[in-house]
Amino acid sequence: MLRSRMGNIRPVSEFLDFKRVSKPKNMNEVQNRVTYNLAYFSANYSIVFAMLSVYSLLTNKLLLFVLVFVAASLYGINYLQGADLNLGFVRLTTSQLYVGLLVIALPLGFLSSPFSTILWLLGAACVTIIGHAAIMDKPIESAFSEAVV
């Protein structure tokens with residue numbers, strides 16, 4: 001599914017065609033434009049969402065650290081394949097490692113404000129994507145195809 005979606009990426013010149021930018025006349029036209037453009041530029045909007053996601057992680061360094069720390073810790077614990085971690089002076093079981101990870105990652109996760117980051121991401125994506133879809137007029141070819149049907 002990802003390949004078929006990414007195969008439908010429209011060129012940047014078409015996605016940012018300033019000749020097609022116009023103010024919609026009424027809400028009916030806004031609805032028609034948004035419906036058409038969300039389907040037509042869906043792959044491009046997926047890329048916009050991914051870029052906003054990366055931006056939100058780069059601006060929230062603590063959240064990025066927590067995500068990398070948890071991923072690396074889970075990889076390290078799974079790398080042991082159920083064996084105990086022997087550091088010489090202490091021997092830790094897999095369940096102790098998971099509890100230790102939880103004790104460290106949970107408070108750090110709450111301090112990194114993931115909920116506000118997710119809400120910002122959803123708000124920024126909705127404003128950007130729906131705003132673009134509302135001001136981009138349909139191509140002339142689509143008007144002819146609607147008249148034939």
# chains A, B, ... in the order shown; residues from 1 in each chain; ligands from 1
>>> residues_around(residues="stretch 48-55 of chain A", least_positions_apart="3", cutoff="10 Å", atoms="only C-alpha atoms", output="VMD selection string")
chain A and resid 42 to 45 58 to 60 64 117 to 118 120 to 122 124 to 126 128 to 129
>>> residues_around(residues="A:Asn78", least_positions_apart="6", cutoff="12 Å", atoms="only C-alpha atoms", output="list in words")
Ala71, Ala72, Asp84, Leu85, Thr93, Thr94, Ser95, Leu97 and Tyr98 of chain A
>>> write_last_selection(atoms="N, CA and C atoms", output="CSV table (one decimal), in the first residue's frame")
chain,number,residue,atom,x,y,z
A,71,ALA,N,13.8,2.8,22.5
A,71,ALA,CA,14.0,1.9,21.4
A,71,ALA,C,15.3,1.1,21.6
A,72,ALA,N,16.4,1.8,21.9
A,72,ALA,CA,17.7,1.2,22.1
A,72,ALA,C,17.7,0.3,23.3
A,84,ASP,N,20.3,-13.4,31.6
A,84,ASP,CA,20.5,-12.4,32.6
A,84,ASP,C,21.6,-11.5,32.2
A,85,LEU,N,21.6,-10.2,32.6
A,85,LEU,CA,22.7,-9.3,32.3
A,85,LEU,C,23.6,-9.4,33.5
A,93,THR,N,18.0,-9.7,35.9
A,93,THR,CA,17.1,-10.5,35.1
A,93,THR,C,16.4,-9.6,34.0
A,94,THR,N,15.8,-10.3,33.1
A,94,THR,CA,15.1,-9.6,32.0
A,94,THR,C,14.0,-8.7,32.6
A,95,SER,N,13.2,-9.3,33.5
A,95,SER,CA,12.1,-8.6,34.1
A,95,SER,C,12.6,-7.4,34.9
A,97,LEU,N,15.3,-5.6,34.2
A,97,LEU,CA,15.6,-4.7,33.1
A,97,LEU,C,14.4,-3.9,32.6
A,98,TYR,N,13.3,-4.7,32.4
A,98,TYR,CA,12.1,-4.0,31.9
A,98,TYR,C,11.5,-3.1,33.0
>>> select_by_dssp(residues="chain A", states="helix (DSSP H, G or I)", output="PyMOL selection string")
chain A and resi 2-6+12-15+18-20+27-40+42-59+61-79+94-111+114-135+140-148
>>> closest_residue(among="A:Leu108, A:Ser113, A:Val90, A:Lys138", to="A:Asn37", atoms="only C-alpha atoms")
A:Lys138
>>> residues_around(residues="A:Val30", least_positions_apart="5", cutoff="8 Å", atoms="only C-alpha atoms", output="PyMOL selection string")
chain A and resi 24-25+134-135
>>> decode(residues="stretch 82-95 of chain A", atoms="N, CA and C atoms", output="short mmCIF file (atom, residue, chain, number, x, y, z; two decimals), in the first residue's frame")
data_model
loop_
_atom_site.label_atom_id
_atom_site.label_comp_id
_atom_site.auth_asym_id
_atom_site.auth_seq_id
_atom_site.Cartn_x
_atom_site.Cartn_y
_atom_site.Cartn_z
N GLY A 82 16.59 -13.35 26.67
CA GLY A 82 16.11 -13.97 27.91
C GLY A 82 17.19 -14.26 28.93
N ALA A 83 18.45 -14.11 28.57
CA ALA A 83 19.54 -14.37 29.52
C ALA A 83 19.67 -13.18 30.48
N ASP A 84 20.26 -13.43 31.63
CA ASP A 84 20.48 -12.37 32.60
C ASP A 84 21.65 -11.49 32.16
N LEU A 85 21.60 -10.24 32.58
CA LEU A 85 22.69 -9.31 32.30
C LEU A 85 23.63 -9.36 33.50
N ASN A 86 24.85 -9.81 33.27
CA ASN A 86 25.83 -9.94 34.34
C ASN A 86 26.88 -8.85 34.17
N LEU A 87 26.88 -7.90 35.12
CA LEU A 87 27.84 -6.81 35.06
C LEU A 87 29.05 -7.05 35.95
N GLY A 88 29.14 -8.21 36.55
CA GLY A 88 30.25 -8.52 37.43
C GLY A 88 29.88 -8.31 38.88
N PHE A 89 29.42 -7.15 39.22
CA PHE A 89 29.04 -6.85 40.60
C PHE A 89 27.54 -7.01 40.84
N VAL A 90 26.74 -7.12 39.77
CA VAL A 90 25.29 -7.30 39.90
C VAL A 90 24.81 -8.14 38.72
N ARG A 91 23.76 -8.93 39.01
CA ARG A 91 23.16 -9.76 37.97
C ARG A 91 21.70 -9.35 37.85
N LEU A 92 21.29 -8.88 36.66
CA LEU A 92 19.93 -8.39 36.44
C LEU A 92 19.17 -9.32 35.51
N THR A 93 17.96 -9.69 35.92
CA THR A 93 17.12 -10.53 35.06
C THR A 93 16.42 -9.65 34.03
N THR A 94 15.82 -10.29 33.06
CA THR A 94 15.11 -9.56 32.01
C THR A 94 13.96 -8.75 32.59
N SER A 95 13.23 -9.32 33.53
CA SER A 95 12.10 -8.58 34.12
C SER A 95 12.60 -7.38 34.91
#
